[in-house]
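Engineer: Just one file: protein_28.cif, with mmCIF, C-alpha atoms and all ligand atoms.
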```cif
data_target
loop_
_atom_site.group_PDB
_atom_site.id
_atom_site.type_symbol
_atom_site.label_atom_id
_atom_site.label_comp_id
_atom_site.auth_asym_id
_atom_site.auth_seq_id
_atom_site.Cartn_x
_atom_site.Cartn_y
_atom_site.Cartn_z
ATOM 1 C CA MET A 1 0.000 0.000 0.000
ATOM 2 C CA GLN A 2 1.300 3.419 -0.989
ATOM 3 C CA THR A 3 2.259 5.719 1.882
ATOM 4 C CA PHE A 4 2.230 9.487 1.807
ATOM 5 C CA ASN A 5 5.677 9.823 3.437
ATOM 6 C CA PHE A 6 7.232 11.592 0.467
ATOM 7 C CA ILE A 7 4.480 14.235 0.592
ATOM 8 C CA TYR A 8 5.167 14.667 4.307
ATOM 9 C CA GLU A 9 8.842 15.375 3.609
ATOM 10 C CA VAL A 10 8.004 17.736 0.746
ATOM 11 C CA ILE A 11 5.561 19.728 2.876
ATOM 12 C CA LYS A 12 7.948 19.837 5.817
ATOM 13 C CA ASN A 13 10.931 20.968 3.763
ATOM 14 C CA ASN A 14 9.299 23.617 1.553
ATOM 15 C CA ASN A 15 7.481 26.886 2.054
ATOM 16 C CA SER A 16 5.507 27.839 -1.018
ATOM 17 C CA PHE A 17 3.040 25.767 -2.977
ATOM 18 C CA LEU A 18 0.929 26.093 -6.075
ATOM 19 C CA LEU A 19 -2.278 24.068 -6.445
ATOM 20 C CA THR A 20 -4.123 23.575 -9.697
ATOM 21 C CA THR A 21 -6.704 21.309 -11.313
ATOM 22 C CA HIS A 22 -8.477 20.512 -14.572
ATOM 23 C CA VAL A 23 -10.468 22.647 -17.016
ATOM 24 C CA ASN A 24 -14.180 22.982 -16.136
ATOM 25 C CA PRO A 25 -13.553 22.064 -12.514
ATOM 26 C CA ASP A 26 -16.145 20.033 -10.624
ATOM 27 C CA ALA A 27 -16.711 19.871 -6.877
ATOM 28 C CA ASP A 28 -13.985 17.245 -6.473
ATOM 29 C CA ALA A 29 -11.479 19.516 -8.209
ATOM 30 C CA ILE A 30 -12.410 22.693 -6.327
ATOM 31 C CA GLY A 31 -13.071 20.882 -3.032
ATOM 32 C CA SER A 32 -9.690 19.119 -3.146
ATOM 33 C CA GLU A 33 -7.899 22.380 -3.870
ATOM 34 C CA ILE A 34 -9.597 24.254 -1.044
ATOM 35 C CA ALA A 35 -9.065 21.409 1.434
ATOM 36 C CA LEU A 36 -5.365 21.117 0.614
ATOM 37 C CA TYR A 37 -5.062 24.917 0.689
ATOM 38 C CA GLN A 38 -6.518 24.970 4.214
ATOM 39 C CA ILE A 39 -4.220 22.169 5.363
ATOM 40 C CA LEU A 40 -1.122 23.924 4.020
ATOM 41 C CA LYS A 41 -2.192 27.319 5.411
ATOM 42 C CA LYS A 42 -2.637 25.791 8.864
ATOM 43 C CA LEU A 43 0.952 24.582 8.518
ATOM 44 C CA ASN A 44 1.958 28.214 7.876
ATOM 45 C CA LYS A 45 2.816 27.723 4.232
ATOM 46 C CA LYS A 46 2.420 30.189 1.392
ATOM 47 C CA VAL A 47 -0.166 28.790 -1.010
ATOM 48 C CA PHE A 48 -1.525 29.850 -4.397
ATOM 49 C CA VAL A 49 -4.481 28.224 -6.132
ATOM 50 C CA ILE A 50 -4.555 28.993 -9.840
ATOM 51 C CA ASN A 51 -6.878 27.385 -12.393
ATOM 52 C CA HIS A 52 -7.414 27.650 -16.122
ATOM 53 C CA SER A 53 -11.197 27.940 -15.697
ATOM 54 C CA GLU A 54 -13.256 30.185 -13.519
ATOM 55 C CA THR A 55 -15.068 28.467 -10.661
ATOM 56 C CA PRO A 56 -18.634 27.476 -11.626
ATOM 57 C CA ASP A 57 -21.349 29.500 -9.855
ATOM 58 C CA ASN A 58 -22.630 26.560 -7.813
ATOM 59 C CA LEU A 59 -19.175 25.904 -6.318
ATOM 60 C CA ILE A 60 -18.314 29.464 -5.307
ATOM 61 C CA PHE A 61 -19.601 28.668 -1.794
ATOM 62 C CA LEU A 62 -16.536 26.430 -1.365
ATOM 63 C CA ASP A 63 -14.279 29.433 -1.980
ATOM 64 C CA GLU A 64 -15.907 32.177 0.064
ATOM 65 C CA ASP A 65 -12.530 33.825 0.683
ATOM 66 C CA LYS A 66 -11.856 33.964 -3.075
ATOM 67 C CA ILE A 67 -8.606 32.084 -2.840
ATOM 68 C CA ILE A 68 -8.774 30.676 -6.358
ATOM 69 C CA GLU A 69 -7.350 32.841 -9.134
ATOM 70 C CA GLN A 70 -7.943 32.391 -12.838
ATOM 71 C CA TYR A 71 -4.723 31.886 -14.770
ATOM 72 C CA ASN A 72 -3.217 34.921 -16.466
ATOM 73 C CA PRO A 73 0.343 34.335 -17.733
ATOM 74 C CA ASP A 74 1.326 37.967 -17.179
ATOM 75 C CA ILE A 75 0.605 37.699 -13.475
ATOM 76 C CA HIS A 76 0.990 34.034 -12.655
ATOM 77 C CA ASP A 77 3.973 32.721 -14.630
ATOM 78 C CA GLN A 78 6.272 34.509 -12.240
ATOM 79 C CA ILE A 79 4.491 32.925 -9.250
ATOM 80 C CA MET A 80 4.572 29.496 -10.863
ATOM 81 C CA ASN A 81 8.288 29.842 -11.470
ATOM 82 C CA SER A 82 8.970 30.973 -7.926
ATOM 83 C CA VAL A 83 6.991 28.498 -5.784
ATOM 84 C CA ASP A 84 8.822 25.504 -4.324
ATOM 85 C CA VAL A 85 6.327 22.753 -5.157
ATOM 86 C CA VAL A 86 3.300 22.214 -7.411
ATOM 87 C CA PHE A 87 0.321 20.017 -6.533
ATOM 88 C CA ILE A 88 -1.824 18.929 -9.454
ATOM 89 C CA LEU A 89 -5.195 17.630 -8.329
ATOM 90 C CA ASP A 90 -7.879 15.448 -9.905
ATOM 91 C CA LEU A 91 -6.393 15.092 -13.366
ATOM 92 C CA ASN A 92 -4.423 12.452 -15.224
ATOM 93 C CA ARG A 93 -3.316 14.385 -18.322
ATOM 94 C CA LEU A 94 -1.473 17.683 -18.164
ATOM 95 C CA ASN A 95 -3.348 18.955 -21.234
ATOM 96 C CA ARG A 96 -6.412 19.087 -18.954
ATOM 97 C CA THR A 97 -4.908 22.302 -17.570
ATOM 98 C CA VAL A 98 -5.263 23.833 -21.098
ATOM 99 C CA SER A 99 -3.603 27.273 -20.993
ATOM 100 C CA MET A 100 -1.395 26.268 -18.047
ATOM 101 C CA GLU A 101 0.049 23.158 -19.680
ATOM 102 C CA ARG A 102 2.991 24.887 -21.333
ATOM 103 C CA ILE A 103 4.351 26.501 -18.194
ATOM 104 C CA LEU A 104 3.667 23.408 -16.058
ATOM 105 C CA ARG A 105 5.751 21.301 -18.460
ATOM 106 C CA SER A 106 8.594 23.799 -18.280
ATOM 107 C CA LEU A 107 8.925 23.665 -14.471
ATOM 108 C CA THR A 108 11.829 21.792 -12.916
ATOM 109 C CA LYS A 109 10.548 21.790 -9.307
ATOM 110 C CA PRO A 110 8.766 18.812 -7.705
ATOM 111 C CA ILE A 111 5.267 18.227 -9.094
ATOM 112 C CA ILE A 112 2.967 16.017 -7.050
ATOM 113 C CA CYS A 113 -0.133 14.634 -8.705
ATOM 114 C CA ILE A 114 -3.025 13.513 -6.483
ATOM 115 C CA ASP A 115 -5.700 11.877 -8.603
ATOM 116 C CA HIS A 116 -8.018 8.928 -9.101
ATOM 117 C CA HIS A 117 -8.311 8.665 -12.899
ATOM 118 C CA GLN A 118 -7.329 5.733 -15.102
ATOM 119 C CA ASP A 119 -3.921 5.571 -16.842
ATOM 120 C CA PRO A 120 -2.164 8.695 -15.619
ATOM 121 C CA GLU A 121 0.248 10.422 -17.960
ATOM 122 C CA ASP A 122 3.837 10.145 -16.830
ATOM 123 C CA PHE A 123 4.434 13.872 -16.295
ATOM 124 C CA THR A 124 5.883 13.362 -12.811
ATOM 125 C CA PRO A 125 7.284 10.417 -10.838
ATOM 126 C CA HIS A 126 5.123 11.481 -7.876
ATOM 127 C CA HIS A 127 1.579 10.172 -8.342
ATOM 128 C CA TYR A 128 -0.650 9.576 -5.323
ATOM 129 C CA GLY A 129 -4.080 7.980 -5.151
ATOM 130 C CA GLY A 130 -5.274 5.738 -7.947
ATOM 131 C CA ILE A 131 -8.466 4.269 -9.263
ATOM 132 C CA ASP A 132 -9.516 2.620 -6.008
ATOM 133 C CA TYR A 133 -10.435 6.021 -4.624
ATOM 134 C CA SER A 134 -13.892 7.412 -5.276
ATOM 135 C CA SER A 135 -12.629 10.996 -5.378
ATOM 136 C CA THR A 136 -9.502 13.092 -5.103
ATOM 137 C CA GLY A 137 -11.022 14.648 -1.981
ATOM 138 C CA SER A 138 -10.958 11.248 -0.284
ATOM 139 C CA ILE A 139 -7.215 10.937 -1.020
ATOM 140 C CA ILE A 140 -6.592 14.326 0.611
ATOM 141 C CA PHE A 141 -8.656 13.152 3.597
ATOM 142 C CA LYS A 142 -6.617 9.973 3.935
ATOM 143 C CA MET A 143 -3.322 11.784 3.475
ATOM 144 C CA ASN A 144 -4.162 14.324 6.165
ATOM 145 C CA LYS A 145 -5.180 11.558 8.530
ATOM 146 C CA GLU A 146 -2.268 9.212 7.924
ATOM 147 C CA LEU A 147 0.339 11.967 8.090
ATOM 148 C CA ASN A 148 -1.416 13.567 11.046
ATOM 149 C CA LEU A 149 -0.958 16.952 9.385
ATOM 150 C CA VAL A 150 -3.744 19.086 10.892
ATOM 151 C CA GLU A 151 -6.966 18.623 12.803
ATOM 152 C CA LEU A 152 -9.985 18.003 10.599
ATOM 153 C CA ASP A 153 -12.091 21.122 11.107
ATOM 154 C CA LYS A 154 -15.014 22.420 9.107
ATOM 155 C CA SER A 155 -12.817 24.478 6.738
ATOM 156 C CA ILE A 156 -11.282 21.201 5.512
ATOM 157 C CA ALA A 157 -14.205 18.830 6.041
ATOM 158 C CA LEU A 158 -16.738 20.875 4.052
ATOM 159 C CA PRO A 159 -14.790 20.963 0.748
ATOM 160 C CA ILE A 160 -13.853 17.293 1.135
ATOM 161 C CA TYR A 161 -17.473 16.348 1.781
ATOM 162 C CA ALA A 162 -18.520 18.273 -1.352
ATOM 163 C CA ALA A 163 -15.818 16.414 -3.321
ATOM 164 C CA VAL A 164 -16.812 12.975 -2.041
ATOM 165 C CA TYR A 165 -20.554 13.574 -2.237
ATOM 166 C CA THR A 166 -20.477 14.667 -5.872
ATOM 167 C CA ASP A 167 -17.848 12.247 -7.208
ATOM 168 C CA THR A 168 -19.789 9.298 -5.768
ATOM 169 C CA GLY A 169 -23.014 10.660 -7.281
ATOM 170 C CA GLY A 170 -24.393 11.162 -3.780
ATOM 171 C CA PHE A 171 -22.985 7.841 -2.502
ATOM 172 C CA ARG A 172 -24.501 5.918 -5.392
ATOM 173 C CA TYR A 173 -21.614 4.991 -7.697
ATOM 174 C CA GLU A 174 -19.552 1.834 -7.740
ATOM 175 C CA ARG A 175 -16.581 3.022 -5.705
ATOM 176 C CA THR A 176 -18.793 3.899 -2.738
ATOM 177 C CA THR A 177 -17.571 1.589 0.025
ATOM 178 C CA PRO A 178 -17.959 1.224 3.794
ATOM 179 C CA GLU A 179 -14.804 3.386 4.036
ATOM 180 C CA THR A 180 -16.532 6.114 2.017
ATOM 181 C CA HIS A 181 -19.323 6.202 4.584
ATOM 182 C CA TYR A 182 -16.954 6.055 7.582
ATOM 183 C CA MET A 183 -15.154 9.020 6.062
ATOM 184 C CA ALA A 184 -18.458 10.833 5.477
ATOM 185 C CA ALA A 185 -19.342 10.231 9.126
ATOM 186 C CA GLU A 186 -16.087 11.875 10.217
ATOM 187 C CA LEU A 187 -16.688 14.790 7.861
ATOM 188 C CA LEU A 188 -20.208 15.329 9.197
ATOM 189 C CA SER A 189 -18.844 15.112 12.740
ATOM 190 C CA ALA A 190 -16.649 18.096 11.861
ATOM 191 C CA ASP A 191 -19.831 20.168 11.647
ATOM 192 C CA VAL A 192 -20.593 19.794 7.919
ATOM 193 C CA ASP A 193 -24.278 20.160 7.093
ATOM 194 C CA PRO A 194 -25.015 17.650 4.275
ATOM 195 C CA ASN A 195 -28.265 19.353 3.383
ATOM 196 C CA TYR A 196 -26.485 22.675 2.885
ATOM 197 C CA VAL A 197 -23.850 21.130 0.583
ATOM 198 C CA CYS A 198 -26.468 19.360 -1.522
ATOM 199 C CA GLU A 199 -28.612 22.482 -1.739
ATOM 200 C CA MET A 200 -25.714 24.738 -2.730
ATOM 201 C CA ILE A 201 -24.465 22.381 -5.439
ATOM 202 C CA TYR A 202 -27.664 20.979 -6.900
ATOM 203 C CA GLU A 203 -30.594 23.143 -5.893
ATOM 204 C CA LYS A 204 -29.665 26.671 -6.875
ATOM 205 C CA SER A 205 -30.161 26.382 -10.632
ATOM 206 C CA LYS A 206 -30.936 29.384 -12.763
ATOM 207 C CA ILE A 207 -34.036 29.035 -14.926
ATOM 208 C CA SER A 208 -31.787 29.400 -18.011
ATOM 209 C CA LYS A 209 -30.062 26.145 -17.049
ATOM 210 C CA ILE A 210 -33.337 24.231 -16.690
ATOM 211 C CA LYS A 211 -34.517 25.616 -20.039
ATOM 212 C CA LEU A 212 -31.272 24.393 -21.604
ATOM 213 C CA LEU A 213 -31.899 20.970 -20.067
ATOM 214 C CA GLY A 214 -35.306 20.993 -21.777
ATOM 215 C CA GLU A 215 -33.697 21.752 -25.137
ATOM 216 C CA ILE A 216 -31.138 18.994 -24.679
ATOM 217 C CA LEU A 217 -33.677 16.380 -23.541
ATOM 218 C CA ASN A 218 -35.643 17.173 -26.685
ATOM 219 C CA THR A 219 -32.763 15.741 -28.730
ATOM 220 C CA LEU A 220 -32.611 12.489 -26.728
ATOM 221 C CA THR A 221 -32.395 9.496 -29.068
ATOM 222 C CA LEU A 222 -32.148 5.764 -28.390
ATOM 223 C CA ILE A 223 -30.474 3.338 -30.800
ATOM 224 C CA GLU A 224 -29.239 -0.287 -30.814
ATOM 225 C CA ASN A 225 -32.319 -1.757 -29.101
ATOM 226 C CA ASP A 226 -32.400 1.204 -26.744
ATOM 227 C CA GLN A 227 -28.961 0.366 -25.314
ATOM 228 C CA ILE A 228 -27.238 3.510 -26.547
ATOM 229 C CA CYS A 229 -28.728 6.860 -25.629
ATOM 230 C CA TYR A 230 -27.397 10.135 -26.957
ATOM 231 C CA MET A 231 -28.243 13.823 -26.781
ATOM 232 C CA LYS A 232 -26.709 16.943 -28.229
ATOM 233 C CA VAL A 233 -26.323 20.578 -27.353
ATOM 234 C CA THR A 234 -25.726 23.315 -29.919
ATOM 235 C CA ARG A 235 -24.547 26.934 -29.613
ATOM 236 C CA GLU A 236 -28.019 27.983 -30.698
ATOM 237 C CA MET A 237 -29.489 26.360 -27.574
ATOM 238 C CA PHE A 238 -27.162 28.412 -25.366
ATOM 239 C CA GLU A 239 -28.133 31.598 -27.198
ATOM 240 C CA LYS A 240 -31.827 30.799 -27.002
ATOM 241 C CA THR A 241 -31.828 30.020 -23.274
ATOM 242 C CA GLY A 242 -29.049 32.301 -22.025
ATOM 243 C CA ALA A 243 -27.420 29.356 -20.233
ATOM 244 C CA LYS A 244 -23.647 29.128 -19.702
ATOM 245 C CA ASP A 245 -21.313 26.412 -20.954
ATOM 246 C CA ASN A 246 -20.763 24.885 -17.531
ATOM 247 C CA ASP A 247 -24.526 24.652 -16.944
ATOM 248 C CA THR A 248 -24.495 21.269 -18.722
ATOM 249 C CA GLU A 249 -22.646 19.646 -15.796
ATOM 250 C CA GLY A 250 -24.450 16.427 -14.864
ATOM 251 C CA PHE A 251 -26.924 16.435 -17.780
ATOM 252 C CA ILE A 252 -25.233 13.388 -19.314
ATOM 253 C CA ASN A 253 -26.535 11.329 -16.376
ATOM 254 C CA TYR A 254 -30.065 11.447 -17.792
ATOM 255 C CA THR A 255 -28.927 9.014 -20.506
ATOM 256 C CA LEU A 256 -27.970 6.207 -18.118
ATOM 257 C CA SER A 257 -30.997 6.866 -15.941
ATOM 258 C CA ILE A 258 -33.138 5.155 -18.605
ATOM 259 C CA GLU A 259 -33.764 1.449 -18.069
ATOM 260 C CA GLY A 260 -31.654 -0.752 -20.345
ATOM 261 C CA VAL A 261 -29.290 1.991 -21.510
ATOM 262 C CA LYS A 262 -25.669 0.826 -21.334
ATOM 263 C CA ILE A 263 -23.902 3.680 -23.094
ATOM 264 C CA GLY A 264 -24.786 7.352 -22.770
ATOM 265 C CA LEU A 265 -23.315 10.105 -24.924
ATOM 266 C CA LEU A 266 -23.667 13.852 -24.897
ATOM 267 C CA PHE A 267 -22.339 15.781 -27.895
ATOM 268 C CA TYR A 268 -21.557 19.459 -27.357
ATOM 269 C CA GLU A 269 -20.900 22.065 -29.957
ATOM 270 C CA VAL A 270 -18.212 24.310 -28.436
ATOM 271 C CA LYS A 271 -16.591 27.476 -29.711
ATOM 272 C CA HIS A 272 -13.843 25.571 -31.469
ATOM 273 C CA GLY A 273 -15.051 22.150 -32.525
ATOM 274 C CA ILE A 274 -16.968 19.686 -30.401
ATOM 275 C CA LYS A 275 -16.774 17.951 -27.042
ATOM 276 C CA ILE A 276 -18.195 14.568 -26.113
ATOM 277 C CA SER A 277 -19.095 13.104 -22.720
ATOM 278 C CA PHE A 278 -19.185 9.317 -22.499
ATOM 279 C CA ARG A 279 -20.875 7.226 -19.803
ATOM 280 C CA SER A 280 -21.365 3.479 -19.530
ATOM 281 C CA ARG A 281 -22.170 0.602 -17.230
ATOM 282 C CA ASP A 282 -21.860 -3.213 -17.222
ATOM 283 C CA ASN A 283 -18.199 -3.510 -18.212
ATOM 284 C CA SER A 284 -18.374 -1.294 -21.253
ATOM 285 C CA TYR A 285 -14.917 0.293 -21.161
ATOM 286 C CA ILE A 286 -16.040 3.650 -22.417
ATOM 287 C CA ASN A 287 -12.642 5.286 -21.790
ATOM 288 C CA LYS A 288 -11.404 3.176 -24.731
ATOM 289 C CA LEU A 289 -14.091 4.637 -26.969
ATOM 290 C CA ALA A 290 -13.080 8.107 -25.794
ATOM 291 C CA ALA A 291 -9.445 7.235 -26.545
ATOM 292 C CA GLU A 292 -10.366 6.404 -30.152
ATOM 293 C CA PHE A 293 -11.247 10.079 -30.489
ATOM 294 C CA GLY A 294 -8.267 11.470 -28.608
ATOM 295 C CA GLY A 295 -9.903 11.589 -25.163
ATOM 296 C CA GLY A 296 -9.789 9.566 -21.958
ATOM 297 C CA GLY A 297 -11.045 9.289 -18.402
ATOM 298 C CA HIS A 298 -12.467 6.647 -16.120
ATOM 299 C CA ILE A 299 -13.778 3.236 -17.235
ATOM 300 C CA TYR A 300 -17.390 4.372 -16.964
ATOM 301 C CA ALA A 301 -17.052 8.133 -17.426
ATOM 302 C CA ALA A 302 -14.835 9.760 -20.007
ATOM 303 C CA GLY A 303 -14.575 12.724 -22.321
ATOM 304 C CA ALA A 304 -13.025 13.877 -25.578
ATOM 305 C CA ARG A 305 -12.600 17.085 -27.479
ATOM 306 C CA ILE A 306 -12.246 17.384 -31.248
ATOM 307 C CA ILE A 307 -10.972 20.734 -32.411
ATOM 308 C CA ASP A 308 -12.457 21.646 -35.803
ATOM 309 C CA GLY A 309 -14.884 18.693 -35.649
ATOM 310 C CA THR A 310 -18.582 19.302 -36.278
ATOM 311 C CA LEU A 311 -21.586 17.532 -34.761
ATOM 312 C CA ASP A 312 -22.815 16.475 -38.188
ATOM 313 C CA ASP A 313 -19.489 14.828 -39.034
ATOM 314 C CA TYR A 314 -18.766 13.158 -35.751
ATOM 315 C CA ILE A 315 -22.099 12.020 -34.279
ATOM 316 C CA PRO A 316 -22.464 9.223 -36.885
ATOM 317 C CA LYS A 317 -18.793 8.222 -36.555
ATOM 318 C CA ILE A 318 -18.881 8.041 -32.781
ATOM 319 C CA LEU A 319 -22.211 6.221 -32.643
ATOM 320 C CA SER A 320 -20.904 3.661 -35.056
ATOM 321 C CA ALA A 321 -17.740 3.186 -32.977
ATOM 322 C CA ALA A 322 -19.830 3.007 -29.766
ATOM 323 C CA LYS A 323 -21.667 -0.105 -30.965
ATOM 324 C CA LYS A 324 -18.482 -2.202 -30.592
ATOM 325 C CA TYR A 325 -18.425 -1.452 -26.881
ATOM 326 C CA LEU A 326 -21.858 -3.000 -26.363
ATOM 327 C CA LYS A 327 -20.659 -6.318 -27.726
ATOM 328 C CA GLN A 328 -18.117 -6.734 -24.939
ATOM 329 C CA ASN A 329 -20.912 -7.769 -22.613
HETATM 330 MN MN MN A 401 -12.597 13.522 -9.310
#
```
Written as structure tokens, that's how I'd like the structure from this file.
Ligand SMILES: [Mn+2]

Structural biologist:
Amino acid sequence: MQTFNFIYEVIKNNNSFLLTTHVNPDADAIGSEIALYQILKKLNKKVFVINHSETPDNLIFLDEDKIIEQYNPDIHDQIMNSVDVVFILDLNRLNRTVSMERILRSLTKPIICIDHHQDPEDFTPHHYGGIDYSSTGSIIFKMNKELNLVELDKSIALPIYAAVYTDTGGFRYERTTPETHYMAAELLSADVDPNYVCEMIYEKSKISKIKLLGEILNTLTLIENDQICYMKVTREMFEKTGAKDNDTEGFINYTLSIEGVKIGLLFYEVKHGIKISFRSRDNSYINKLAAEFGGGGHIYAAGARIIDGTLDDYIPKILSAAKKYLKQN
């Protein structure tokens, strides 16, 4: 079993840290950053949290002190060059940091990756976590506990709870274990209100988002004896409803919520090209389908982006490729 001793030494022997995460951050990404920020601050370290993307509206409650900055090379390259250590959280490919990838690759200081995705890219020798963990937040929790770094108070427990709660789909997904619930019990004991977290993340939608959901559900189509379900979202739908790009978070889950559906796909038209979300169940290794189109992710949840691709070109190609992944069963 992997220990966190190297991280202990790195924290002990250094003073300044940069934390970052993936494009379009979710609650696991933001929650892990804020929790690790709080841990390091309590240890009297200097900490910067810099992301490619802005924090989605429904996660701003995790960053009430506005710790997270959005990457601007003119301001942040100097900081990134000067910090002692970089922590990269909740991502397995450095290109998931988009505009920050170039500078991250140029750094010669220790980079520590804490993540739970499949097949991590070899951009550092220091990877912690792995696919047995339900969330990156749960790795931070375990690390803090095993290394006895700081006391688990609400400022750490709340972002970790948000990370764990969302990445397990509200304690529903496969990697939800007795340990997940023991951890949740400890987090709630640190004064986290589960109802508040759920309400802030899932129950503060703008009407524009729900209208966009309506538009997207209107495109829902079932093929291959109703085993593959796909939907699409176009720029026109955003214009019509006034919704924002990150409002589509979680919509893909409607595909797998239909009885008998084994593969769910959501095709997005983005400013440059298209993006695809892939979901599956029953041993359909959907990350391999994503990889066919230059993407990746978890076994049952993956994504891809095709610059210069169009929905009309790629929907038929991807649907045709998706059929192979049903036959594995
Ligand atoms: Mn995650």

Engineer: Can you tell me, as an MDAnalysis selection string, what residues are no more than 12 Å from Ile11 in chain A when counting only C-alpha atoms, ignoring any on the same chain fewer than 3 positions away?

Structural biologist: chainID A and resid 4:8 14:18 36 39:47 84:87 110 112 143:144 147 149

Engineer: I'd like a table as a Markdown table: residues in range 170-288 of chain A with an atom no more than 12 Å from range 136-140 of chain A, each row giving the shortest atom pair and its distance in Å to one decimal, all atoms listed in the file counted, sorted by chain and rising residue number.

Structural biologist:
```
| residue | atom | partner | partner_atom | distance |
| --- | --- | --- | --- | --- |
| A:Arg175 | CA | A:Ser138 | CA | 11.3 |
| A:Thr176 | CA | A:Ser138 | CA | 11.0 |
| A:Thr177 | CA | A:Ser138 | CA | 11.7 |
| A:Glu179 | CA | A:Ser138 | CA | 9.8 |
| A:Thr180 | CA | A:Ser138 | CA | 7.9 |
| A:His181 | CA | A:Ser138 | CA | 10.9 |
| A:Tyr182 | CA | A:Ser138 | CA | 11.2 |
| A:Met183 | CA | A:Ser138 | CA | 7.9 |
| A:Ala184 | CA | A:Ser138 | CA | 9.5 |
| A:Glu186 | CA | A:Ser138 | CA | 11.7 |
| A:Leu187 | CA | A:Ser138 | CA | 10.6 |
```

Engineer: Translate the PyMOL selection byres (((not hetatm)) within 12 of (chain A and resi 401)) into a concrete residue list for this structure, as a compact mmCIF listing (two decimals) with C-alpha atoms, in the frame of the given file.

Structural biologist:
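Output file selection-v6.txt follows:
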```txt
# COMPACT_ATOMS: atom_id res chain seq x y z
CA THR A 21 -6.70 21.31 -11.31
CA HIS A 22 -8.48 20.51 -14.57
CA ASN A 24 -14.18 22.98 -16.14
CA PRO A 25 -13.55 22.06 -12.51
CA ASP A 26 -16.14 20.03 -10.62
CA ALA A 27 -16.71 19.87 -6.88
CA ASP A 28 -13.98 17.24 -6.47
CA ALA A 29 -11.48 19.52 -8.21
CA ILE A 30 -12.41 22.69 -6.33
CA GLY A 31 -13.07 20.88 -3.03
CA SER A 32 -9.69 19.12 -3.15
CA GLU A 33 -7.90 22.38 -3.87
CA LEU A 89 -5.20 17.63 -8.33
CA ASP A 90 -7.88 15.45 -9.90
CA LEU A 91 -6.39 15.09 -13.37
CA ASN A 92 -4.42 12.45 -15.22
CA ILE A 114 -3.02 13.51 -6.48
CA ASP A 115 -5.70 11.88 -8.60
CA HIS A 116 -8.02 8.93 -9.10
CA HIS A 117 -8.31 8.66 -12.90
CA GLN A 118 -7.33 5.73 -15.10
CA GLY A 129 -4.08 7.98 -5.15
CA GLY A 130 -5.27 5.74 -7.95
CA ILE A 131 -8.47 4.27 -9.26
CA ASP A 132 -9.52 2.62 -6.01
CA TYR A 133 -10.44 6.02 -4.62
CA SER A 134 -13.89 7.41 -5.28
CA SER A 135 -12.63 11.00 -5.38
CA THR A 136 -9.50 13.09 -5.10
CA GLY A 137 -11.02 14.65 -1.98
CA SER A 138 -10.96 11.25 -0.28
CA ILE A 139 -7.22 10.94 -1.02
CA ILE A 140 -6.59 14.33 0.61
CA ILE A 160 -13.85 17.29 1.14
CA ALA A 162 -18.52 18.27 -1.35
CA ALA A 163 -15.82 16.41 -3.32
CA VAL A 164 -16.81 12.98 -2.04
CA TYR A 165 -20.55 13.57 -2.24
CA THR A 166 -20.48 14.67 -5.87
CA ASP A 167 -17.85 12.25 -7.21
CA THR A 168 -19.79 9.30 -5.77
CA GLY A 169 -23.01 10.66 -7.28
CA ARG A 175 -16.58 3.02 -5.70
CA GLY A 297 -11.04 9.29 -18.40
CA HIS A 298 -12.47 6.65 -16.12
CA ALA A 301 -17.05 8.13 -17.43
CA ALA A 302 -14.84 9.76 -20.01
```

Engineer: Record the distance separating CA of Lys240 in chain A and CA of Lys271 in chain A, expressed in Å with one decimal.

Structural biologist: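 Between these atoms lies a distance of 15.8 Å.
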
Engineer: In Å to one decimal, how far is CA of Leu158 in chain A from CA of Ile88 in chain A?

Structural biologist: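 Computing the Euclidean distance for CA of Ile88 in chain A and CA of Leu158 in chain A yields 20.2 Å.
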
Engineer: Step by step: start from the point (-30.9, 24.4, -23.4) in the file's coordinates, keep every protein, DNA or RNA residue that has an atom no farther than 7 Å from it, count all atoms listed in the file, and write the set as a VMD selection string.

Structural biologist: chain A and resid 209 211 to 216 237 to 238 241 243

Engineer: Can you list what the PyMOL selection byres (((chain A and resi 221-226) around 9) and not hetatm) grabs from this structure, as a PDB file with C-alpha atoms, in the coordinates of the input?

Structural biologist:
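What follows is the written file selection_13.pdb:
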```pdb
ATOM      1  CA  LEU A 217     -33.677  16.380 -23.541  1.00  0.00           C
ATOM      2  CA  ASN A 218     -35.643  17.173 -26.685  1.00  0.00           C
ATOM      3  CA  THR A 219     -32.763  15.741 -28.730  1.00  0.00           C
ATOM      4  CA  LEU A 220     -32.611  12.489 -26.728  1.00  0.00           C
ATOM      5  CA  GLN A 227     -28.961   0.366 -25.314  1.00  0.00           C
ATOM      6  CA  ILE A 228     -27.238   3.510 -26.547  1.00  0.00           C
ATOM      7  CA  CYS A 229     -28.728   6.860 -25.629  1.00  0.00           C
ATOM      8  CA  TYR A 230     -27.397  10.135 -26.957  1.00  0.00           C
ATOM      9  CA  MET A 231     -28.243  13.823 -26.781  1.00  0.00           C
ATOM     10  CA  GLU A 259     -33.764   1.449 -18.069  1.00  0.00           C
ATOM     11  CA  GLY A 260     -31.654  -0.752 -20.345  1.00  0.00           C
ATOM     12  CA  VAL A 261     -29.290   1.991 -21.510  1.00  0.00           C
ATOM     13  CA  LYS A 262     -25.669   0.826 -21.334  1.00  0.00           C
ATOM     14  CA  LEU A 319     -22.211   6.221 -32.643  1.00  0.00           C
ATOM     15  CA  LYS A 323     -21.667  -0.105 -30.965  1.00  0.00           C
TER      16      LYS A 323
END
```

Engineer: Please compute the CA of Met80 in chain A-CA of Leu107 in chain A distance, one decimal, in Å.

Structural biologist: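 Between CA of Met80 in chain A and CA of Leu107 in chain A the gap is 8.1 Å.
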